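To start, the structure under review is shown below, and the notes come after it.
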Amino acid sequence: MSASAQLPAPPQPVEEVQPPSTEVGVLGWLHHNLFNSKLNGLLTIVLGVVVLVVIIGLAQWMLFDARWGVITDNMRLFLVGRFPQEEIWRVWLALTLVSLASGLTAGSSSSGAVRMLATMLMAGQLMLAALILVSGLGLVAALALVAGAVVVLLAMLIAGRFRIRRLWTSLIWLAAAISGVLLLAGLGETSILPTVSTTVWGGLLLTMVLSVAGILLSFPLGVLLAVGRRSRLPVVRIVSTTYIELIRAVPLISILFMAQFLFPLVLPEGLRIDNVIRAIGGITLFSAAYVAENVRGGLQAIPAGQHEAAFAIGLRTWQTTVFIVLPQALRITIPANVGLFISLLKDTTLAYIIGLLEILGIGRAVLAQPEWLGTQFEVYFFVAAVFFVLSYTLSQASYRLEKELGIGER
Amino acid sequence: MPDDQGHERTSIPFYRDVRVLAVITQVVFLAAVLLVLGWLLNNLLVNSAIRGITTSFSWLDLRAGFTPGESVIPYTVDDTYARALFVGLLNTIMVSVVGIFLATLIGLVFGVARLSSNWLVSKIALTYVEIFRNTPVLVQLLVIYFVIFLQMPRVQESIVLPLDMYLSQRGFYMPRPEVAENGVIWFVAVIVALIGFFGLWWYAGRREADGRPTLGLRWIASGVLIGLPLLVWLLIPGGPIAFENPELGTFNMSGGLRFSPEFAAMTVGLALFTAAFIAEVIRGGIQAVSKGQLEAARTIGLKEGEVLRLVILPQALRVIVPPLTSQYLNLIKNSSLALAIGFADVFNVSRTISEQTGQPVSVLLIVMAVYLIISLLTSVLMNFYNRMVQIHER
C-alpha cells in the first residue's frame with residue numbers, strides 16, 4: 001500500500017485567461033482613450049476627419065504652394081537686419097562667446113534644466129546653420145554656427161571633467177556679455193572694430209538684444225522695487241507701490257511711445273540717444289514692475305523665522321535682506337522670471353510699431369516689396385514659427401527648473 | 001541716573017535710534033526721488049519750450065478735422081479732439097467687452113476639453129493652447145486681419161451664412177434687431193417674468209430652509225420664466241422684435257448691422273490669444289478641486305449636473321477668478337495693438353491727434369490715464385466678484 005495512492009491528484013495548472021482583446025494593447029488603448037462611449041466615439045471620428053483635412057491641407061501648402069523664396073532670399077535680413085556684410089563675423093563671434101559661457105556653465109551645473117538650455121542652444125545653432133545653407137547665405141556663416149554648436153558641446157564636456165566654480169562661470173558670463181556688446185556695437189570709427197550703428201541692427205539679432213537687455217537691466221530695478229514695496233518705511237513703500245501699479249495698468253505700447261517721445265525731452269539738451277536704446281529703456285521700465293511682482297511673491301514665501309533668526313544673531317535690516325532673505329527669494333522666483341522673459345520676448349514684436357526692424361518689422365518691410373506680393377502667410381508663418389520654437393523650448397526648460405527647485409511641492 | 005536695579009542707564013545716541021533713523025531714511029529717500037523727478041521735469045519744460053511743445057490740454061477743444069474709422073455715436077469732421085478721443089474710448093470698450101466674452105467662452109471650451117477622457121479631444125486642446133500661447137499676439141492679429149479678413153471675397157461674392165449673415169472684405173453683416181410696434185409690451189413681460197421667477201425661487205428656498213415642502217414652486221417659477229414671454233410673443237402679431245436684414249446692392253451691402261473687418265479681427269484675435277491662457281486657468285482651477293470632493297458628492301447621491309454646479313464649480317471658481325482677472329486686464333491692454341491694423345481704438349485715435357497737434361506728451365498722459373482708470377475699474381469689479389465666490393467663514 002503506497003502512501004501516494006491516498007494523496008489527492010496534483011492540482012491542475014490554472015488555465016490562464018487572457019483579458020479580452022479590447023482591453024489591452026492597441027485595441028485596448030483605442031477603446032479607453034477614443035471610443036469609451038458612443039458620444040466619444042462619434043466625437044473622435046468627426047474630429048479625426050477635421051484634423052486630417054487640416055493637416056493634409058497645411059502639408060500640401062507648405063510643400064507645394066508656399067513661396068518660401070520670400071524667406072530664403074531675405075534670410076540675412078531676417079537674421080541680422082542690415083548689419084554690414086563685412087562685419088557680420090562679429091555677430092557669429094559674439095554668439096560663439098555666449099556658446100562658450102553657456103557650455104561651461106551647463107557642464108559645471110548639476111541642474112538638468114541648465115544642461116537642457118545649453119543643448120537647445122546647440123540645436124538652435126545647428127538649425128540656423130541649416131537655414132543658412134538652404135538660403136545660400138554662404139558656407140562661412142553656416143560653418144561659424146556649426147562651430148558655435150561644437151563649442152557648446154566641447155565646453156560642456158571640459159567643464160564636466162573639471163567642475164568650474166560658480167564665481168568663475170559668473171566672471172566668464174560677464175566677460176562674454178561685455179565683449180559681445182563691444183563686438184556688436186564697435187569701439188569707434190578708427191579702431192579695428194568700427195562702430196556699427198544700432199540703426200542697422202535688425203531681425204532676430206535685434207529681437208534677442210531687446211529682450212535679453214530688457215530682462216537683465218530690469219532685474220536690479222525690479223528687485224529694488226520689490227524690497228521697497230515690502231519696506232516698513234511708509235514713504236518708500238508708497239513710492240514703490242505707486243510705480244509698480246501705474247506701470248502695470250498701462251499697455252507696453254504706450255510705454256514704448258513714451259520712451260520714444262518723452263526720453264529725448266526729459267534728458268538734458270544735447271544728450272541724444274538712439275531708437276534702440278530708447279526702446280530698451282522703455283522695455284526696462286516696463287518689465288521692472290513685473291519683475292518686482294515676481295520677486296515680491298518670492299519674498300512673501302520666505303518664512304518670518306528667517307527674519308527673526310537673522311535679527312537674533314544681530315544682523316541689521318539691510319544685512320538680513322541682502323544675505324538672508326534675497327538669496328532664498330530670488331532662487332524660487334527664477335521660473336516666474338523665465339516666464340516673464342518668454343512673454344517679453346514675444347512682446348518685443350511691439351517695437352515694430354515704433355519703427356524698429358526686429359524680426360516682425362523685417363517681415364513687414366519684406367512684404368512691402370512688390371516682388372513678394374501675396375506671400376503674407378509665408379512671412380507670418382516663419383516669424384511665428386521662430387517665436388514658437390524659442391518660447392516653447394524655454395517654457396519646457398522653465399517647467400523642468402520649477403520641478404528641480406521643488407516649487408509648489410512644499 | 002541709576003534705575004531701580006541700580007544699572008547705569010545710558011541713553012541711545014540719536015544716530016542709532018531706529019525711530020529717528022526711519023524718519024531720516026524716509027526724508028532722504030523722498031528728497032532724492034523728488035530731486036530726480038524735478039530735474040526731469042525741468043528738462044522737460046526747457047526742452048518743450050525750445051521745440052514749441054506745450055504741456056497744456058487746450059487742444060482738447062479744437063476741431064479734429066478727421067474721422068475715426070468707425071464710431072458708435074454720431075461723429076463729424078467738425079467735432080473736437082475730446083469727442084474723437086471719446087469715440088476711441090467707446091471702441092476700446094466695445095472690443096474689450098466682446099473680446100472678453102468670446103475669450104471666456106472659447107477658453108472654457110478648451111479648458112474643459114483639456115480634461116476630456118477622449119485622447120484626441122484633449123490633444124487638440126493642448127495643441128491650440130501651445131500654438132496661441134507661444135506666438136506673439138501681434139503676429140496673430142496681423143495674420144487674422146491681413147491673411148483672413150482682408151482675403152475674404154469681394155462684397156458681391158459675400159459668403160452667405162445662415163440667418164441672413166454675410167462675410168466679405170467689407171466685414172461681417174448680420175440682421176439688425178429693432179423693437180417692433182407693441183414690442184415694448186414683450187420687454188415688460190420679460191421683466192415681470194424675471195421678477196416672478198426670482199421671487200418664487202427665493203420663496204421656495206425659504207420654505208426649504210424651514211423644512212416645509214416646496215410645493216413644486218421651483219417648477220412653477222421656471223414655467224413663469226419661459227411661459228410668460230412666450231405667450232406674449234405669440235400674442236403680438238409679427239413678433240416683438242423686427243429684423244432689418246442686410247441687402248446686397250450692386251456695389252455694397254445696405255442695412256443690417258455691420259462689423260468692420262478691423263473690429264472683427266481685433267475681437268477674434270484678442271479672444272483666441274487670451275482664450276489659450278484662460279483655458280489653462282480653468283483647467284488648473286478644476287484640477288485644484290480634490291478628487292475626494294467629486295467622489296464624496298457622487299456617494300451622497302448627487303446627479304452629475306448637481307456635482308458640477310454645487311461641488312466642483314464653487315470650489316474651482318475660488319482658484320480661477322484671480323488669474324482670470326489678470327487675463328481680462330491683459331486683453332484690455334492688448335486692445336491697444338489696434339494701432340497695427342488700423343482699428344480706431346483710443347490709442348490709435350490718440351496717435352492721430354498727437355501727430356496733428358504735435359503735442360505727444362499731453363496726449364500720451366491722457367491716454368495712459370484712460371487705461372489706468374479702465375484697469376482700476378475692472379480690478380474693482382472683479383475683486384467684488386472674487387469676494388462673492390470666496391469662502392465666507394463664520
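To be explicit about the labels: the chains of the C-alpha cells are called A, B, and onward in the order shown, and within each one the residues are counted from 1, while ligands get numbers from 1 in the order they are shown.
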query: Do you know which residues are at most 7 Å from region 126-135 of chain B counting only C-alpha atoms, after dropping those on the same chain fewer than 6 positions away, and could you put them as a PyMOL selection string?
result: (chain A and resi 346+384+387-388+391-392) or (chain B and resi 114+273+276-277)
Convert the current residue selection to file output with C-alpha atoms, as a tab-separated table (two decimals), in the first residue's frame.
chain	number	residue	atom	x	y	z
A	346	LYS	CA	7.13	87.85	-27.71
A	384	ALA	CA	5.51	82.82	-35.69
A	387	PHE	CA	8.89	82.58	-31.76
A	388	PHE	CA	7.16	79.26	-31.19
A	391	SER	CA	9.10	80.21	-26.48
A	392	TYR	CA	8.11	76.55	-26.35
B	114	ARG	CA	-8.05	69.56	-21.98
B	273	PHE	CA	-4.96	84.62	-27.84
B	276	ALA	CA	-5.40	79.97	-24.63
B	277	PHE	CA	-4.40	81.43	-21.26
Taking only C-alpha atoms into account, what are the residues of chain A at most 7 Å from chain B, put as a PDB file with N, CA and C atoms, in the first residue's frame?
ATOM      1  N   ASN A  33      -9.277  55.334 -24.732  1.00  0.00           N
ATOM      2  CA  ASN A  33      -8.981  56.742 -24.945  1.00  0.00           C
ATOM      3  C   ASN A  33      -9.773  57.402 -26.059  1.00  0.00           C
ATOM      4  N   LEU A  34     -10.299  56.613 -26.961  1.00  0.00           N
ATOM      5  CA  LEU A  34     -11.004  57.244 -28.076  1.00  0.00           C
ATOM      6  C   LEU A  34     -12.459  56.821 -28.196  1.00  0.00           C
ATOM      7  N   ASN A  40     -18.337  59.739 -27.355  1.00  0.00           N
ATOM      8  CA  ASN A  40     -16.909  59.949 -27.577  1.00  0.00           C
ATOM      9  C   ASN A  40     -16.461  59.344 -28.894  1.00  0.00           C
ATOM     10  N   THR A  44     -14.713  61.405 -31.767  1.00  0.00           N
ATOM     11  CA  THR A  44     -13.402  61.011 -32.285  1.00  0.00           C
ATOM     12  C   THR A  44     -13.412  60.960 -33.800  1.00  0.00           C
ATOM     13  N   LEU A 233       9.093 101.254   5.949  1.00  0.00           N
ATOM     14  CA  LEU A 233       9.009 102.713   5.882  1.00  0.00           C
ATOM     15  C   LEU A 233       7.910 103.116   4.895  1.00  0.00           C
ATOM     16  N   VAL A 235       6.951 105.824   3.321  1.00  0.00           N
ATOM     17  CA  VAL A 235       7.247 106.632   2.131  1.00  0.00           C
ATOM     18  C   VAL A 235       7.834 105.756   1.034  1.00  0.00           C
ATOM     19  N   VAL A 236       8.806 104.915   1.406  1.00  0.00           N
ATOM     20  CA  VAL A 236       9.447 104.020   0.441  1.00  0.00           C
ATOM     21  C   VAL A 236       8.404 103.077  -0.149  1.00  0.00           C
ATOM     22  N   ALA A 249      -0.692  99.025 -15.047  1.00  0.00           N
ATOM     23  CA  ALA A 249      -2.042  99.351 -15.513  1.00  0.00           C
ATOM     24  C   ALA A 249      -2.059  99.798 -16.967  1.00  0.00           C
ATOM     25  N   VAL A 250      -0.909 100.195 -17.530  1.00  0.00           N
ATOM     26  CA  VAL A 250      -0.922 100.716 -18.900  1.00  0.00           C
ATOM     27  C   VAL A 250      -0.259  99.719 -19.846  1.00  0.00           C
ATOM     28  N   PRO A 251      -0.664  99.755 -21.143  1.00  0.00           N
ATOM     29  CA  PRO A 251      -0.095  98.811 -22.096  1.00  0.00           C
ATOM     30  C   PRO A 251       1.364  99.130 -22.435  1.00  0.00           C
ATOM     31  N   PHE A 261       9.058 109.532 -27.267  1.00  0.00           N
ATOM     32  CA  PHE A 261       8.862 110.979 -27.266  1.00  0.00           C
ATOM     33  C   PHE A 261       9.394 111.659 -26.016  1.00  0.00           C
ATOM     34  N   LEU A 262       9.202 110.993 -24.866  1.00  0.00           N
ATOM     35  CA  LEU A 262       9.498 111.667 -23.607  1.00  0.00           C
ATOM     36  C   LEU A 262      10.978 111.598 -23.246  1.00  0.00           C
ATOM     37  N   LEU A 265      12.963 114.383 -24.323  1.00  0.00           N
ATOM     38  CA  LEU A 265      12.526 115.644 -23.716  1.00  0.00           C
ATOM     39  C   LEU A 265      12.965 115.775 -22.264  1.00  0.00           C
ATOM     40  N   VAL A 266      13.030 114.658 -21.531  1.00  0.00           N
ATOM     41  CA  VAL A 266      13.358 114.779 -20.106  1.00  0.00           C
ATOM     42  C   VAL A 266      14.857 114.715 -19.855  1.00  0.00           C
ATOM     43  N   LEU A 267      15.621 114.370 -20.890  1.00  0.00           N
ATOM     44  CA  LEU A 267      17.064 114.349 -20.696  1.00  0.00           C
ATOM     45  C   LEU A 267      17.622 115.713 -21.090  1.00  0.00           C
ATOM     46  N   PRO A 268      18.773 116.082 -20.516  1.00  0.00           N
ATOM     47  CA  PRO A 268      19.308 117.408 -20.808  1.00  0.00           C
ATOM     48  C   PRO A 268      19.534 117.609 -22.304  1.00  0.00           C
ATOM     49  N   GLU A 269      19.361 118.843 -22.735  1.00  0.00           N
ATOM     50  CA  GLU A 269      19.536 119.189 -24.140  1.00  0.00           C
ATOM     51  C   GLU A 269      20.934 118.769 -24.592  1.00  0.00           C
ATOM     52  N   LYS A 346       8.216  87.724 -26.748  1.00  0.00           N
ATOM     53  CA  LYS A 346       7.129  87.847 -27.714  1.00  0.00           C
ATOM     54  C   LYS A 346       6.694  89.307 -27.851  1.00  0.00           C
ATOM     55  N   ASP A 347       6.765  90.052 -26.740  1.00  0.00           N
ATOM     56  CA  ASP A 347       6.309  91.446 -26.772  1.00  0.00           C
ATOM     57  C   ASP A 347       7.274  92.375 -27.487  1.00  0.00           C
ATOM     58  N   THR A 349       7.962  92.236 -30.349  1.00  0.00           N
ATOM     59  CA  THR A 349       7.386  92.486 -31.668  1.00  0.00           C
ATOM     60  C   THR A 349       6.708  93.851 -31.712  1.00  0.00           C
ATOM     61  N   ILE A 353       6.042  98.516 -34.164  1.00  0.00           N
ATOM     62  CA  ILE A 353       5.100  99.625 -34.295  1.00  0.00           C
ATOM     63  C   ILE A 353       5.813 100.974 -34.156  1.00  0.00           C
ATOM     64  N   GLN A 376       2.111  86.918 -47.685  1.00  0.00           N
ATOM     65  CA  GLN A 376       1.921  87.300 -46.287  1.00  0.00           C
ATOM     66  C   GLN A 376       1.983  86.109 -45.354  1.00  0.00           C
ATOM     67  N   PHE A 377       1.257  85.048 -45.733  1.00  0.00           N
ATOM     68  CA  PHE A 377       1.145  83.937 -44.801  1.00  0.00           C
ATOM     69  C   PHE A 377       2.508  83.264 -44.593  1.00  0.00           C
ATOM     70  N   TYR A 380       4.479  85.538 -42.101  1.00  0.00           N
ATOM     71  CA  TYR A 380       3.974  85.455 -40.722  1.00  0.00           C
ATOM     72  C   TYR A 380       4.172  84.059 -40.152  1.00  0.00           C
ATOM     73  N   ALA A 384       6.185  83.498 -36.793  1.00  0.00           N
ATOM     74  CA  ALA A 384       5.511  82.819 -35.687  1.00  0.00           C
ATOM     75  C   ALA A 384       6.256  81.550 -35.312  1.00  0.00           C
ATOM     76  N   PHE A 387       9.293  82.302 -33.135  1.00  0.00           N
ATOM     77  CA  PHE A 387       8.895  82.580 -31.755  1.00  0.00           C
ATOM     78  C   PHE A 387       8.403  81.319 -31.060  1.00  0.00           C
ATOM     79  N   PHE A 388       7.694  80.469 -31.807  1.00  0.00           N
ATOM     80  CA  PHE A 388       7.164  79.260 -31.185  1.00  0.00           C
ATOM     81  C   PHE A 388       8.300  78.386 -30.678  1.00  0.00           C
ATOM     82  N   SER A 391       9.977  80.118 -27.637  1.00  0.00           N
ATOM     83  CA  SER A 391       9.104  80.214 -26.479  1.00  0.00           C
ATOM     84  C   SER A 391       8.765  78.831 -25.919  1.00  0.00           C
ATOM     85  N   TYR A 392       8.510  77.875 -26.808  1.00  0.00           N
ATOM     86  CA  TYR A 392       8.109  76.548 -26.348  1.00  0.00           C
ATOM     87  C   TYR A 392       9.259  75.871 -25.612  1.00  0.00           C
TER      88      TYR A 392
END
query: Neighbours of region 118-135 of chain A within 7 Å (only C-alpha atoms; same-chain residues fewer than 5 positions away dropped), as a PyMOL selection string?
result: chain A and resi 72-73+75+102-103+106+142+145-146+148-149+152
Could you write out that same residue set with C-alpha atoms as a PDB file, in the first residue's frame?
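Output file out_24.pdb is given in full below:
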ATOM      1  CA  THR A  72      15.256  82.185 -48.108  1.00  0.00           C
ATOM      2  CA  ASP A  73      16.018  85.179 -50.364  1.00  0.00           C
ATOM      3  CA  MET A  75      17.327  85.227 -44.785  1.00  0.00           C
ATOM      4  CA  SER A 102      26.699  78.510 -21.707  1.00  0.00           C
ATOM      5  CA  GLY A 103      28.629  75.311 -22.311  1.00  0.00           C
ATOM      6  CA  ALA A 106      25.976  73.803 -18.165  1.00  0.00           C
ATOM      7  CA  ALA A 142      26.932  78.151 -41.700  1.00  0.00           C
ATOM      8  CA  LEU A 145      27.260  78.440 -36.483  1.00  0.00           C
ATOM      9  CA  VAL A 146      28.271  74.773 -36.586  1.00  0.00           C
ATOM     10  CA  GLY A 148      29.323  77.575 -32.186  1.00  0.00           C
ATOM     11  CA  ALA A 149      27.400  74.352 -31.612  1.00  0.00           C
ATOM     12  CA  VAL A 152      28.894  74.367 -26.620  1.00  0.00           C
TER      13      VAL A 152
END
task: Determine which residues of region 89-311 of chain B receive a DSSP assignment of helix (DSSP H, G or I), computed from the backbone, and state them as a ChimeraX atom specification.
output: /B:89-114,119-133,137-149,155-157,183-209,217-235,261-288,291-299,304-311
- request: Name the closest residue to Val224 (chain B) among the candidates B:Ile236, B:Ile241, B:Met266, B:Val192; distances are taken between atoms, counting only C-alpha atoms.
  value: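 Going through B:Ile236, B:Ile241, B:Met266, B:Val192 one by one, the smallest distance to Val224 (chain B) is for B:Val192.
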field: Of the listed residues A:Arg82, A:Gly186, A:Asn74, A:Val51, that which approaches Gln369 (chain A) most closely, counting only C-alpha atoms
entry: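 When distances to Gln369 (chain A) are compared using only C-alpha atoms, the smallest one comes from A:Asn74.
Among A:Leu104, A:Ala279, A:Val70, A:Leu139, the residue with the shortest atom-to-atom distance to Ala176 (chain A), counting only C-alpha atoms, is A:Leu104.
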query: Which residues, written as JSON, numbers by chain, have at least one atom at most 7 Å from Leu184 (chain A), with only C-alpha atoms counted and residues fewer than 6 positions away on the same chain left out?
result: {"A": [90, 91, 196]}
Based on the selection just made, write C-alpha atoms of those residues as an mmCIF file, in the first residue's frame.
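So result-v5.cif came out as:
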data_model
loop_
_atom_site.group_PDB
_atom_site.id
_atom_site.type_symbol
_atom_site.label_atom_id
_atom_site.label_comp_id
_atom_site.auth_asym_id
_atom_site.auth_seq_id
_atom_site.Cartn_x
_atom_site.Cartn_y
_atom_site.Cartn_z
ATOM 1 C CA ARG A 90 31.223 89.867 -35.263
ATOM 2 C CA VAL A 91 27.681 88.597 -34.726
ATOM 3 C CA VAL A 196 28.087 99.631 -36.254
#
7 Å contact set for region 68-76 of chain B, only C-alpha atoms, chain neighbours under 2 positions out, as an NGL selection string: :B and (66 or 78-79 or 84 or 87 or 343-344 or 349)
task: Pick out the residues sitting within 7 Å of Val155 (chain B), and hand them over as a list in words; count only C-alpha atoms, and ignore anything fewer than 3 positions along from it in its own chain.
output: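 Result of the neighbour search: Ser158, Ser168, Gln169, Arg170 and Asn252 of chain B.
Using only C-alpha atoms, the contacts of region 305-314 of chain B at a cut-off of 7 Å, with sequence neighbours closer than 5 positions omitted, comprise B:Val289, B:Ala297, B:Val389.
Between Leu394 (chain A) and the residues A:Val212, A:Met116, A:Val322, A:Val46, the shortest atom-to-atom distance, using only C-alpha atoms, involves A:Met116.
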field: Atom-to-atom span, CA of Pro19 (chain A) and CA of His31 (chain A), Å
entry: 13.6 Å
